[in-house]
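J.: Dropping in upload.cif, which is mmCIF, C-alpha atoms and all ligand atoms:
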```
data_data
#
loop_
_atom_site.label_atom_id
_atom_site.label_comp_id
_atom_site.auth_asym_id
_atom_site.auth_seq_id
_atom_site.Cartn_x
_atom_site.Cartn_y
_atom_site.Cartn_z
CA MET A 1 0.00 0.00 0.00
CA SER A 2 1.31 3.46 -0.73
CA GLU A 3 0.06 7.02 -0.47
CA MET A 4 0.68 8.58 -3.89
CA ASN A 5 -0.44 12.13 -3.21
CA ALA A 6 -2.68 14.00 -0.84
CA GLY A 7 -5.88 15.87 -1.73
CA VAL A 8 -9.12 17.21 -0.34
CA SER A 9 -12.57 15.76 -0.12
CA GLY A 10 -15.84 17.10 1.31
CA ARG A 11 -18.59 17.62 -1.24
CA GLY A 12 -22.07 18.97 -1.67
CA ALA A 13 -24.78 17.27 -3.73
CA SER A 14 -24.14 13.75 -5.02
CA PRO A 15 -26.35 13.45 -8.12
CA LEU A 16 -24.65 10.39 -9.60
CA GLY A 17 -24.35 8.81 -6.16
CA GLU A 18 -28.06 9.30 -5.49
CA GLU A 19 -29.05 7.68 -8.78
CA ILE A 20 -26.69 4.76 -8.14
CA VAL A 21 -27.90 4.17 -4.58
CA GLY A 22 -31.57 4.37 -5.68
CA ARG A 23 -30.90 1.67 -8.28
CA ILE A 24 -28.83 -0.46 -5.88
CA ASN A 25 -31.87 -0.50 -3.57
CA ARG A 26 -34.26 -1.27 -6.43
CA LEU A 27 -32.07 -4.17 -7.66
CA ALA A 28 -31.77 -5.55 -4.11
CA GLU A 29 -35.55 -6.14 -4.12
CA ILE A 30 -34.98 -8.91 -6.69
CA SER A 31 -34.20 -11.93 -4.55
CA GLU A 32 -35.28 -15.56 -4.25
CA ALA A 33 -35.68 -15.14 -0.47
CA PRO A 34 -38.37 -12.85 1.00
CA ASP A 35 -36.20 -11.68 3.91
CA ASN A 36 -32.69 -11.55 2.47
CA LEU A 37 -30.84 -10.87 -0.77
CA THR A 38 -29.95 -14.05 -2.66
CA ARG A 39 -29.59 -13.87 -6.44
CA ILE A 40 -27.91 -16.92 -7.90
CA PHE A 41 -26.67 -17.83 -11.40
CA LEU A 42 -29.36 -18.87 -13.93
CA THR A 43 -32.37 -18.37 -11.64
CA PRO A 44 -35.59 -16.47 -12.47
CA GLU A 45 -34.37 -13.67 -10.15
CA LEU A 46 -31.16 -13.31 -12.14
CA ARG A 47 -33.28 -13.02 -15.29
CA ALA A 48 -35.50 -10.33 -13.70
CA ALA A 49 -32.40 -8.40 -12.61
CA ALA A 50 -30.94 -8.71 -16.11
CA ASP A 51 -34.11 -7.22 -17.63
CA LEU A 52 -34.01 -4.27 -15.23
CA ILE A 53 -30.32 -3.61 -15.88
CA MET A 54 -30.91 -3.73 -19.64
CA THR A 55 -33.71 -1.17 -19.26
CA TRP A 56 -31.28 1.17 -17.46
CA MET A 57 -28.64 0.55 -20.13
CA ARG A 58 -31.04 1.49 -22.92
CA GLU A 59 -32.18 4.60 -21.03
CA ALA A 60 -28.49 5.55 -20.81
CA GLY A 61 -28.16 5.48 -24.60
CA MET A 62 -26.68 2.00 -24.97
CA SER A 63 -27.75 -0.99 -26.99
CA ALA A 64 -28.22 -3.95 -24.63
CA HIS A 65 -28.46 -7.72 -24.89
CA LEU A 66 -28.08 -10.89 -22.85
CA ASP A 67 -25.17 -13.01 -24.07
CA ALA A 68 -24.91 -16.80 -24.28
CA ILE A 69 -24.00 -17.32 -20.59
CA GLY A 70 -26.42 -14.74 -19.14
CA ASN A 71 -24.13 -11.70 -18.97
CA VAL A 72 -25.87 -8.37 -19.52
CA CYS A 73 -23.97 -6.46 -22.21
CA GLY A 74 -24.44 -2.78 -23.00
CA ARG A 75 -22.62 -0.83 -25.69
CA TYR A 76 -22.27 2.93 -26.19
CA GLU A 77 -20.78 3.58 -29.61
CA GLY A 78 -17.86 5.92 -30.10
CA GLU A 79 -17.36 8.59 -32.75
CA ARG A 80 -17.81 5.85 -35.35
CA LEU A 81 -19.66 2.55 -35.21
CA GLY A 82 -17.69 -0.57 -34.35
CA LEU A 83 -14.65 0.95 -32.58
CA PRO A 84 -12.73 -1.11 -29.97
CA CYS A 85 -14.11 -0.53 -26.50
CA LEU A 86 -13.14 0.44 -23.01
CA MET A 87 -14.97 -2.29 -21.09
CA LEU A 88 -16.40 -1.48 -17.64
CA GLY A 89 -18.42 -3.71 -15.38
CA SER A 90 -18.73 -6.14 -12.50
CA HIS A 91 -21.17 -8.93 -11.60
CA TYR A 92 -24.88 -8.95 -10.77
CA ASP A 93 -25.14 -12.34 -9.03
CA THR A 94 -24.81 -12.44 -5.23
CA VAL A 95 -23.82 -14.80 -2.46
CA ARG A 96 -26.60 -16.11 -0.17
CA ASP A 97 -27.91 -13.55 2.34
CA ALA A 98 -25.76 -10.99 0.58
CA GLY A 99 -25.02 -7.30 0.80
CA ARG A 100 -26.43 -5.21 -2.02
CA TRP A 101 -23.22 -3.53 -3.19
CA ASP A 102 -20.85 -6.39 -4.04
CA GLY A 103 -21.01 -6.48 -7.83
CA PRO A 104 -23.98 -4.24 -8.71
CA LEU A 105 -22.10 -1.09 -7.59
CA GLY A 106 -19.66 -1.50 -10.51
CA VAL A 107 -22.37 -2.23 -13.06
CA LEU A 108 -24.71 0.58 -12.00
CA THR A 109 -21.94 3.16 -11.59
CA ALA A 110 -20.74 2.46 -15.13
CA ILE A 111 -24.31 2.82 -16.47
CA SER A 112 -24.79 6.16 -14.64
CA CYS A 113 -21.48 7.42 -16.08
CA VAL A 114 -22.57 6.51 -19.62
CA ALA A 115 -25.98 8.14 -19.05
CA ASP A 116 -24.21 11.34 -18.00
CA LEU A 117 -21.96 11.28 -21.09
CA ASN A 118 -24.95 10.57 -23.32
CA LYS A 119 -26.87 13.53 -21.85
CA ARG A 120 -23.94 15.77 -22.72
CA GLY A 121 -23.62 14.25 -26.22
CA ARG A 122 -20.07 13.08 -25.52
CA ARG A 123 -18.58 10.50 -27.91
CA PHE A 124 -15.00 9.24 -27.91
CA PRO A 125 -12.55 7.65 -30.31
CA PHE A 126 -13.49 4.38 -28.60
CA ALA A 127 -16.74 2.68 -27.63
CA ILE A 128 -17.75 2.03 -24.03
CA GLU A 129 -19.14 -1.35 -23.07
CA VAL A 130 -20.70 -2.15 -19.70
CA VAL A 131 -21.00 -5.80 -18.67
CA GLY A 132 -22.93 -7.27 -15.77
CA PHE A 133 -21.34 -10.69 -15.35
CA ALA A 134 -23.82 -13.47 -14.54
CA ASP A 135 -21.70 -15.56 -12.18
CA GLU A 136 -18.74 -14.23 -10.27
CA GLU A 137 -19.56 -15.74 -6.89
CA GLY A 138 -19.70 -19.40 -7.93
CA VAL A 139 -22.47 -20.16 -5.42
CA ARG A 140 -24.54 -22.54 -7.53
CA PHE A 141 -21.92 -24.72 -9.20
CA ALA A 142 -18.46 -25.54 -7.92
CA SER A 143 -16.69 -23.32 -10.46
CA THR A 144 -16.66 -19.54 -10.44
CA LEU A 145 -16.09 -16.52 -12.73
CA LEU A 146 -18.29 -18.29 -15.29
CA GLY A 147 -19.57 -15.06 -16.90
CA SER A 148 -16.17 -13.43 -17.34
CA ARG A 149 -14.53 -16.69 -18.44
CA ALA A 150 -17.10 -16.97 -21.24
CA VAL A 151 -16.26 -13.40 -22.36
CA ALA A 152 -12.53 -14.10 -22.12
CA GLY A 153 -12.97 -17.27 -24.19
CA THR A 154 -11.66 -19.50 -21.39
CA PHE A 155 -14.95 -21.13 -20.35
CA ASN A 156 -14.29 -24.82 -19.76
CA GLU A 157 -17.09 -26.83 -21.44
CA ARG A 158 -16.53 -29.65 -18.95
CA VAL A 159 -18.22 -27.60 -16.21
CA LEU A 160 -21.52 -27.85 -18.13
CA ALA A 161 -21.90 -31.33 -16.62
CA SER A 162 -21.46 -30.12 -13.02
CA LYS A 163 -24.59 -30.22 -10.86
CA ASP A 164 -26.04 -27.87 -8.27
CA SER A 165 -27.17 -29.12 -4.84
CA ALA A 166 -30.59 -30.04 -6.30
CA GLY A 167 -28.97 -32.24 -8.96
CA VAL A 168 -29.62 -29.81 -11.86
CA SER A 169 -26.72 -29.69 -14.29
CA MET A 170 -25.38 -26.39 -15.60
CA ARG A 171 -26.40 -27.50 -19.08
CA GLU A 172 -30.02 -28.00 -17.91
CA ALA A 173 -30.00 -24.72 -15.98
CA LEU A 174 -28.87 -22.80 -19.07
CA VAL A 175 -31.71 -24.31 -21.12
CA GLN A 176 -34.23 -23.47 -18.36
CA PHE A 177 -32.90 -19.90 -18.41
CA GLY A 178 -33.57 -19.75 -22.17
CA LEU A 179 -29.95 -20.06 -23.31
CA ASP A 180 -28.24 -22.58 -25.59
CA PRO A 181 -25.32 -24.32 -23.81
CA ASP A 182 -23.72 -25.10 -27.17
CA ASP A 183 -23.58 -21.41 -28.01
CA ILE A 184 -21.36 -20.23 -25.10
CA GLY A 185 -18.45 -19.73 -27.48
CA ALA A 186 -20.45 -16.87 -29.02
CA ALA A 187 -20.00 -14.81 -25.82
CA ALA A 188 -16.21 -14.76 -26.29
CA ARG A 189 -14.50 -11.51 -27.20
CA THR A 190 -11.05 -10.99 -28.64
CA ARG A 191 -8.08 -8.94 -27.46
CA GLY A 192 -8.43 -6.59 -30.45
CA GLN A 193 -11.99 -5.64 -29.43
CA LEU A 194 -10.98 -4.41 -25.95
CA LEU A 195 -8.69 -1.50 -25.08
CA ALA A 196 -8.89 -2.31 -21.36
CA TYR A 197 -11.17 -3.74 -18.67
CA VAL A 198 -11.80 -1.48 -15.65
CA GLU A 199 -13.97 -2.59 -12.72
CA LEU A 200 -15.26 -0.42 -9.90
CA HIS A 201 -16.13 -2.42 -6.76
CA ILE A 202 -16.83 -1.97 -3.06
CA GLU A 203 -13.56 -2.61 -1.19
CA GLN A 204 -15.10 -5.36 1.02
CA GLY A 205 -12.44 -4.67 3.66
CA PRO A 206 -11.58 -1.97 6.23
CA VAL A 207 -8.49 -0.30 4.69
CA LEU A 208 -10.01 2.77 2.99
CA GLU A 209 -12.27 3.46 5.97
CA ALA A 210 -9.32 3.27 8.37
CA ARG A 211 -7.49 5.85 6.25
CA GLY A 212 -10.55 8.08 5.82
CA LEU A 213 -10.50 7.70 2.03
CA PRO A 214 -13.56 7.37 -0.25
CA VAL A 215 -11.77 5.65 -3.15
CA GLY A 216 -8.62 3.62 -3.82
CA VAL A 217 -6.59 2.30 -6.74
CA VAL A 218 -6.20 -1.49 -6.69
CA SER A 219 -2.65 -2.78 -7.10
CA ALA A 220 -3.42 -6.50 -7.62
CA ILE A 221 -6.16 -9.09 -7.13
CA ALA A 222 -5.05 -11.92 -4.84
CA GLY A 223 -5.24 -15.45 -6.20
CA ALA A 224 -7.30 -18.22 -4.62
CA THR A 225 -7.50 -21.99 -4.51
CA ARG A 226 -10.78 -23.73 -3.78
CA LEU A 227 -11.12 -27.43 -3.05
CA ALA A 228 -13.96 -29.88 -2.45
CA ALA A 229 -13.25 -32.54 0.19
CA ARG A 230 -15.27 -35.76 0.53
CA LEU A 231 -14.67 -38.01 3.52
CA THR A 232 -16.23 -41.46 3.63
CA GLY A 233 -16.31 -43.55 6.78
CA MET A 234 -19.00 -45.90 8.06
CA ALA A 235 -22.50 -44.94 9.12
CA GLY A 236 -23.73 -46.75 12.21
CA HIS A 237 -25.93 -46.73 15.29
CA ALA A 238 -25.28 -43.80 17.64
CA GLY A 239 -26.04 -45.95 20.69
CA THR A 240 -24.23 -49.17 19.95
CA VAL A 241 -20.90 -48.54 18.21
CA PRO A 242 -18.13 -47.88 20.77
CA MET A 243 -16.16 -44.69 20.18
CA ALA A 244 -12.90 -46.51 19.42
CA LEU A 245 -14.53 -48.51 16.61
CA ARG A 246 -16.15 -45.61 14.77
CA GLN A 247 -15.26 -44.19 11.36
CA ASP A 248 -17.15 -40.93 11.81
CA ALA A 249 -16.75 -38.83 8.67
CA LEU A 250 -18.13 -35.66 10.28
CA ALA A 251 -15.79 -35.88 13.28
CA GLY A 252 -12.95 -36.31 10.75
CA ALA A 253 -14.13 -33.22 8.84
CA ALA A 254 -14.24 -31.27 12.12
CA GLU A 255 -10.60 -32.19 12.81
CA CYS A 256 -9.64 -31.14 9.27
CA ILE A 257 -11.44 -27.79 9.67
CA ALA A 258 -9.67 -27.10 12.96
CA ALA A 259 -6.33 -27.97 11.32
CA ILE A 260 -6.99 -25.55 8.44
CA GLU A 261 -7.84 -22.78 10.90
CA GLN A 262 -4.73 -23.51 12.94
CA LEU A 263 -2.50 -23.51 9.86
CA CYS A 264 -3.80 -20.10 8.76
CA ARG A 265 -3.75 -18.57 12.24
CA ALA A 266 -0.13 -19.60 12.70
CA ASP A 267 0.86 -17.89 9.44
CA GLU A 268 2.06 -14.32 9.83
CA GLY A 269 2.07 -13.49 6.12
CA GLY A 270 -1.64 -12.98 5.49
CA LEU A 271 -2.72 -16.56 4.70
CA VAL A 272 -6.52 -17.00 5.05
CA GLY A 273 -8.53 -20.21 4.86
CA THR A 274 -12.29 -20.74 5.01
CA VAL A 275 -14.57 -23.76 5.17
CA GLY A 276 -17.86 -22.17 4.14
CA TYR A 277 -19.94 -25.25 3.37
CA ILE A 278 -20.32 -28.62 5.03
CA HIS A 279 -22.82 -31.41 4.50
CA ALA A 280 -23.05 -34.57 6.59
CA MET A 281 -24.86 -37.74 5.58
CA PRO A 282 -27.13 -39.44 6.27
CA GLY A 283 -27.91 -36.54 8.61
CA ALA A 284 -29.89 -37.93 11.54
CA THR A 285 -29.43 -37.37 15.27
CA ASN A 286 -28.99 -41.04 16.08
CA VAL A 287 -26.81 -42.08 13.11
CA ILE A 288 -23.01 -41.83 12.97
CA PRO A 289 -22.24 -39.74 9.85
CA GLY A 290 -20.84 -42.01 7.15
CA LYS A 291 -20.05 -39.22 4.70
CA ALA A 292 -19.06 -35.57 5.06
CA HIS A 293 -18.46 -33.09 2.25
CA PHE A 294 -16.90 -29.68 2.77
CA THR A 295 -15.31 -26.90 0.75
CA ILE A 296 -12.02 -25.08 1.37
CA ASP A 297 -11.05 -21.60 0.14
CA MET A 298 -7.38 -20.59 0.61
CA ARG A 299 -5.84 -17.22 -0.25
CA ALA A 300 -2.52 -15.48 0.36
CA PRO A 301 -0.81 -12.31 -0.87
CA THR A 302 1.43 -14.24 -3.31
CA ASP A 303 0.96 -17.36 -5.42
CA THR A 304 4.09 -19.01 -3.99
CA HIS A 305 2.81 -18.50 -0.47
CA ARG A 306 -0.66 -19.84 -1.31
CA ASN A 307 0.67 -22.88 -3.18
CA ARG A 308 3.00 -23.76 -0.31
CA ALA A 309 0.13 -23.47 2.19
CA VAL A 310 -2.22 -25.60 0.06
CA THR A 311 0.42 -28.35 -0.15
CA GLU A 312 0.84 -28.32 3.63
CA MET A 313 -2.93 -28.30 4.20
CA VAL A 314 -3.42 -31.29 1.88
CA ARG A 315 -0.66 -33.16 3.75
CA GLN A 316 -2.41 -32.54 7.07
CA ILE A 317 -5.87 -33.53 5.79
CA GLU A 318 -4.49 -36.74 4.26
CA ALA A 319 -2.84 -37.61 7.57
CA ILE A 320 -6.08 -37.01 9.51
CA ALA A 321 -8.08 -39.17 7.08
CA LYS A 322 -5.51 -41.95 7.24
CA ARG A 323 -5.38 -41.99 11.04
CA ARG A 324 -9.19 -42.09 11.24
CA LYS A 325 -9.46 -44.75 8.50
CA LEU A 326 -11.57 -42.47 6.31
CA GLU A 327 -11.48 -42.53 2.54
CA LEU A 328 -10.59 -39.09 1.20
CA GLN A 329 -11.35 -37.50 -2.15
CA LEU A 330 -9.92 -34.01 -2.57
CA ASP A 331 -10.54 -32.06 -5.79
CA VAL A 332 -9.36 -28.58 -6.76
CA THR A 333 -12.52 -26.86 -8.04
CA HIS A 334 -11.05 -23.42 -8.72
CA GLU A 335 -7.58 -22.00 -8.98
CA ASN A 336 -6.70 -18.45 -9.88
CA ARG A 337 -3.32 -16.82 -9.94
CA THR A 338 -2.74 -13.37 -8.45
CA VAL A 339 -3.47 -10.75 -11.11
CA PRO A 340 -1.55 -7.46 -11.03
CA CYS A 341 -3.41 -4.38 -12.29
CA ALA A 342 -1.80 -2.79 -15.37
CA PRO A 343 0.53 0.09 -14.41
CA TRP A 344 -0.63 2.32 -17.31
CA LEU A 345 -4.28 1.93 -16.25
CA LYS A 346 -3.49 2.43 -12.56
CA ALA A 347 -1.75 5.67 -13.51
CA GLN A 348 -4.85 6.90 -15.36
CA ILE A 349 -7.12 6.00 -12.42
CA ALA A 350 -4.72 7.80 -10.07
CA GLU A 351 -4.80 10.87 -12.36
CA ALA A 352 -8.61 10.77 -12.42
CA ALA A 353 -8.82 10.55 -8.62
CA ALA A 354 -6.34 13.39 -8.18
CA ALA A 355 -8.22 15.51 -10.75
CA GLU A 356 -11.38 15.02 -8.65
CA ASP A 357 -9.42 16.11 -5.56
CA TYR A 358 -9.45 12.69 -3.90
CA PRO A 359 -6.25 11.44 -2.27
CA VAL A 360 -4.64 8.71 -4.34
CA PHE A 361 -3.98 5.51 -2.46
CA GLU A 362 -3.08 2.01 -3.65
CA LEU A 363 -4.25 -1.17 -1.97
CA ALA A 364 -4.43 -4.85 -2.85
CA SER A 365 -7.69 -6.79 -3.25
CA GLY A 366 -8.03 -9.87 -1.05
CA ALA A 367 -11.36 -10.68 -2.74
CA GLY A 368 -11.64 -12.24 -6.19
CA HIS A 369 -13.03 -10.29 -9.14
CA ASP A 370 -13.97 -10.77 -12.80
CA GLY A 371 -10.72 -9.06 -13.81
CA MET A 372 -9.00 -12.36 -12.91
CA ALA A 373 -10.62 -13.88 -15.99
CA MET A 374 -10.63 -10.75 -18.16
CA VAL A 375 -6.83 -10.45 -17.91
CA ASP A 376 -6.60 -13.21 -20.53
CA ILE A 377 -7.86 -10.79 -23.21
CA ALA A 378 -7.19 -7.29 -21.81
CA ASP A 379 -5.12 -5.26 -19.39
CA VAL A 380 -7.21 -4.83 -16.23
CA ALA A 381 -7.52 -2.31 -13.40
CA MET A 382 -9.89 -1.62 -10.53
CA VAL A 383 -11.26 1.30 -8.52
CA PHE A 384 -12.27 0.52 -4.93
CA VAL A 385 -14.99 2.41 -3.05
CA ARG A 386 -14.99 2.63 0.76
CA CYS A 387 -16.97 -0.04 2.61
CA ARG A 388 -18.54 0.75 6.00
CA GLY A 389 -16.92 -1.27 8.79
CA GLY A 390 -15.12 -3.45 6.23
CA ILE A 391 -18.23 -5.69 6.22
CA SER A 392 -19.03 -7.66 3.06
CA HIS A 393 -20.76 -10.90 2.04
CA HIS A 394 -23.20 -9.88 4.76
CA PRO A 395 -26.49 -7.93 4.68
CA ASP A 396 -24.88 -5.05 6.64
CA GLU A 397 -22.54 -4.28 3.72
CA HIS A 398 -22.88 -0.53 3.07
CA VAL A 399 -21.58 2.33 0.93
CA GLU A 400 -22.42 5.96 1.70
CA VAL A 401 -24.09 8.00 -1.07
CA ALA A 402 -21.16 10.43 -1.08
CA ASP A 403 -18.73 7.55 -1.62
CA ALA A 404 -20.81 6.07 -4.43
CA ASP A 405 -20.67 9.55 -5.95
CA ALA A 406 -16.90 9.74 -5.46
CA GLY A 407 -16.45 6.42 -7.27
CA ALA A 408 -18.66 7.61 -10.14
CA ARG A 409 -16.75 10.89 -10.48
CA VAL A 410 -13.45 9.04 -10.69
CA LEU A 411 -14.80 6.58 -13.25
CA LEU A 412 -16.35 9.38 -15.31
CA ARG A 413 -13.11 11.35 -15.29
CA LEU A 414 -11.19 8.21 -16.24
CA ILE A 415 -13.46 7.64 -19.26
CA GLU A 416 -13.30 11.28 -20.38
CA ASN A 417 -9.48 11.36 -20.18
CA PHE A 418 -8.91 7.76 -21.28
CA ARG A 419 -5.88 7.22 -23.51
CA PRO A 420 -5.56 3.71 -24.95
CA ARG A 421 -2.15 2.18 -24.55
CA LEU A 422 -0.09 2.69 -27.70
CA ALA A 423 0.79 -0.59 -29.38
CA GLY A 424 4.41 -1.79 -29.06
C1 LIG B 501 -15.72 -13.28 -4.40
O1 LIG B 501 -16.46 -12.55 -3.79
C2 LIG B 501 -14.63 -13.94 -3.73
O2 LIG B 501 -13.60 -13.29 -3.49
O3 LIG B 501 -14.80 -15.10 -3.33
MN MN B 502 -17.73 -9.03 -6.11
MN MN B 503 -18.57 -11.43 -3.58
#
```
Using structure tokens, write down the structure from this file.
T.:
Amino acid sequence: MSEMNAGVSGRGASPLGEEIVGRINRLAEISEAPDNLTRIFLTPELRAAADLIMTWMREAGMSAHLDAIGNVCGRYEGERLGLPCLMLGSHYDTVRDAGRWDGPLGVLTAISCVADLNKRGRRFPFAIEVVGFADEEGVRFASTLLGSRAVAGTFNERVLASKDSAGVSMREALVQFGLDPDDIGAAARTRGQLLAYVELHIEQGPVLEARGLPVGVVSAIAGATRLAARLTGMAGHAGTVPMALRQDALAGAAECIAAIEQLCRADEGGLVGTVGYIHAMPGATNVIPGKAHFTIDMRAPTDTHRNRAVTEMVRQIEAIAKRRKLELQLDVTHENRTVPCAPWLKAQIAEAAAAEDYPVFELASGAGHDGMAMVDIADVAMVFVRCRGGISHHPDEHVEVADADAGARVLLRLIENFRPRLAG
């Protein structure tokens, strides 16, 4: 992290911020659960959200369509039709019981910026595209970044066979959503069509708030490894099998989870590990669990550090399974390298922030983002907006109107002053 210059803040009206927050609240009403926000890949709620976002895109002067994986794609032409684009965006799916800002803030801010440019009749020697990616969170199927991978042309067709917890395959879910699974290749874009990919996102951590800053320039997006663990022991009668003779898969999983926590706590270099899902079978009070499935998410500031930690964690889990006579199946379901933001784009974001009189500050992203997939076809960069209390993936996630406005001003200034990188 580094302070790159100092500036002033303190503002009056926040017209862009007010529009963005109004729409964030409207979009948050679209949820599968009556009392919390849950909007998952390829569900009717995702479709309803897509329709609303496309309406806002068209009102902003863009053409809009749904692509072959369910991404919402808006395009604002440049001085001539068909020019390469500056691509902006984020995702519009959510985790379960989510906050309303993670993802939609980047999509809706970009749309409000385009609407403002359109009102002023501004056109550029490049087009602007805004994408709302359909699956960044990876809640429904084991894999993640499905929307941005389709756009980057790196979607792995094998994941079409993966099933959600209700046994519905991704292929079936796409058909139910009205999409053709064999057409996903059509969502792919090429390097020549994109000048850059820039994503604005809520920080999801406490750093900007602690420094009293509304916006930040992201230096890099930390990589992650996700695994699915399946332990198989022997189900049995809770009253009759002596403790020493049990092969309790859930007790084994509990020991593994404690070992993962211990490994990460003992690390002083920023290693984090999470078991966010566990399922025990057969799942009855008086039956010893014969099977336990759980997920693992491991992240660290560098790839070397993360890879070393994953190797050690696997060694420990294998040892626990062996000692408890449990069969272990461990699969890597997602692996993403750390992605540095492009220096030339970071410099233009820093210039835009300074021009808006916001202090310029660089920080790393511990959370994953669609830029991790987009980097395969474009240079990427990110703008972070302050998050109240550092709380995210939680309904209390919050951004102040003035901060939403600050993010929009920086993004707008970036677009208006954008200079594509010269070839060579
Ligand atoms: C996405 O929110 C992630 O970092 O898991
Ligand atoms: Mn996000
Ligand atoms: Mn998220």
J.: Near Met234 in chain A, counting only C-alpha atoms, which residues have an atom at most 8 Å away, once you skip same-chain residues fewer than 4 positions from it, shown as a VMD selection string?
T.: chain A and resid 246 to 249 288 to 291
J.: Using all atoms listed in the file, determine which residues lie at most 10 Å from range 199-203 of chain A, disregarding the query and same-chain residues fewer than 6 positions distant; provide the list as a PyMOL selection string.
T.: chain A and resi 87-91+101-110+130-131+209+215-218+363-367+369-371+380-388+390-392+397-399+403-404+407-408+410-411
J.: How many Å lie between CA of Trp56 in chain A and CA of Gly22 in chain A, rounded to one decimal?
T.: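 Separation between CA of Trp56 in chain A and CA of Gly22 in chain A: 12.2 Å.
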J.: Considering all atoms listed in the file, tabulate each residue of chain A that lies at most 12 Å from ligand LIG 501 (chain B) along with its nearest interatomic pair and the corresponding distance in Å to one decimal; arrange the rows by chain and ascending residue number and present them as CSV.
T.:
```
residue,atom,partner,partner_atom,distance
A:Ser90,CA,B:LIG501,O1,11.1
A:His91,CA,B:LIG501,O1,9.8
A:Tyr92,CA,B:LIG501,O1,11.5
A:Asp93,CA,B:LIG501,O1,10.1
A:Thr94,CA,B:LIG501,O1,8.5
A:Val95,CA,B:LIG501,O1,7.8
A:Arg96,CA,B:LIG501,O1,11.3
A:Ala98,CA,B:LIG501,O1,10.4
A:Gly99,CA,B:LIG501,O1,11.0
A:Trp101,CA,B:LIG501,O1,11.3
A:Asp102,CA,B:LIG501,O1,7.6
A:Gly103,CA,B:LIG501,O1,8.6
A:Asp135,CA,B:LIG501,C1,10.1
A:Glu136,CA,B:LIG501,C1,6.7
A:Glu137,CA,B:LIG501,C1,5.2
A:Gly138,CA,B:LIG501,O3,8.0
A:Val139,CA,B:LIG501,O3,9.4
A:Ala142,CA,B:LIG501,O3,12.0
A:Ser143,CA,B:LIG501,O3,11.0
A:Thr144,CA,B:LIG501,O3,8.6
A:Leu145,CA,B:LIG501,C1,8.9
A:His201,CA,B:LIG501,O1,10.6
A:Ile202,CA,B:LIG501,O1,10.6
A:Glu203,CA,B:LIG501,O1,10.7
A:Gln204,CA,B:LIG501,O1,8.8
A:Gly205,CA,B:LIG501,O2,11.3
A:Ile221,CA,B:LIG501,O2,9.3
A:Ala222,CA,B:LIG501,O2,8.8
A:Gly223,CA,B:LIG501,O2,9.0
A:Ala224,CA,B:LIG501,O2,8.1
A:Thr225,CA,B:LIG501,O3,10.1
A:Arg226,CA,B:LIG501,O3,9.5
A:Val272,CA,B:LIG501,O2,11.7
A:Gly273,CA,B:LIG501,O3,11.5
A:Thr274,CA,B:LIG501,O3,10.4
A:Gly276,CA,B:LIG501,O3,10.7
A:Ile296,CA,B:LIG501,O3,11.4
A:Asp297,CA,B:LIG501,O3,8.3
A:Met298,CA,B:LIG501,O3,10.0
A:Arg299,CA,B:LIG501,O2,9.3
A:Ala300,CA,B:LIG501,O2,11.9
A:His334,CA,B:LIG501,O3,10.6
A:Glu335,CA,B:LIG501,O3,11.5
A:Asn336,CA,B:LIG501,O2,10.7
A:Thr338,CA,B:LIG501,O2,11.9
A:Ser365,CA,B:LIG501,O2,8.8
A:Gly366,CA,B:LIG501,O2,7.0
A:Ala367,CA,B:LIG501,O2,3.5
A:Gly368,CA,B:LIG501,O2,3.5
A:His369,CA,B:LIG501,C1,6.2
A:Asp370,CA,B:LIG501,C1,8.9
A:Gly371,CA,B:LIG501,C1,11.5
A:Met372,CA,B:LIG501,O2,10.5
A:Ser392,CA,B:LIG501,O1,8.8
A:His393,CA,B:LIG501,O1,7.4
A:His394,CA,B:LIG501,O1,11.2
```
J.: CA of Leu263 in chain A to CA of Ile320 in chain A: how many Å, to one decimal?
T.: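 CA of Leu263 in chain A sits 14.0 Å away from CA of Ile320 in chain A.
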J.: I'd like the interatomic distance between atom MN of ligand MN 503 (chain B) and CA of Tyr277 in chain A, to a tenth of an Å.
T.: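 Taking atom MN of ligand MN 503 (chain B) and CA of Tyr277 in chain A, their separation equals 15.5 Å.
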J.: Give me the residues near Glu157 in chain A as a list in words, where near means some atom within 12 Å (using all atoms listed in the file) and where sequence neighbours in that chain fewer than 4 positions away do not count.
T.: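 Close residues of Glu157 in chain A: Ile69, Ser143, Leu146, Arg149, Ala150, Gly153, Ala161, Ser162, Met170, Arg171, Pro181, Asp182, Asp183, Ile184 and Gly185 of chain A.
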J.: Write a file of the selected residues as a compact mmCIF listing (two decimals), in the coordinates of the input, keeping C-alpha atoms.
T.:
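Once written, selection04.txt looks like this:
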```
# COMPACT_ATOMS: atom_id res chain seq x y z
CA ILE A 69 -24.00 -17.32 -20.59
CA SER A 143 -16.69 -23.32 -10.46
CA LEU A 146 -18.29 -18.29 -15.29
CA ARG A 149 -14.53 -16.69 -18.44
CA ALA A 150 -17.10 -16.97 -21.24
CA GLY A 153 -12.97 -17.27 -24.19
CA ALA A 161 -21.90 -31.33 -16.62
CA SER A 162 -21.46 -30.12 -13.02
CA MET A 170 -25.38 -26.39 -15.60
CA ARG A 171 -26.40 -27.50 -19.08
CA PRO A 181 -25.32 -24.32 -23.81
CA ASP A 182 -23.72 -25.10 -27.17
CA ASP A 183 -23.58 -21.41 -28.01
CA ILE A 184 -21.36 -20.23 -25.10
CA GLY A 185 -18.45 -19.73 -27.48
```
J.: Given only C-alpha atoms as the basis, pick out the residue of A:Pro359, A:Gly74, A:Pro301, A:Pro34 nearest to Glu268 in chain A.
T.: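 Counting only C-alpha atoms, the residue closest to Glu268 in chain A is A:Pro301.
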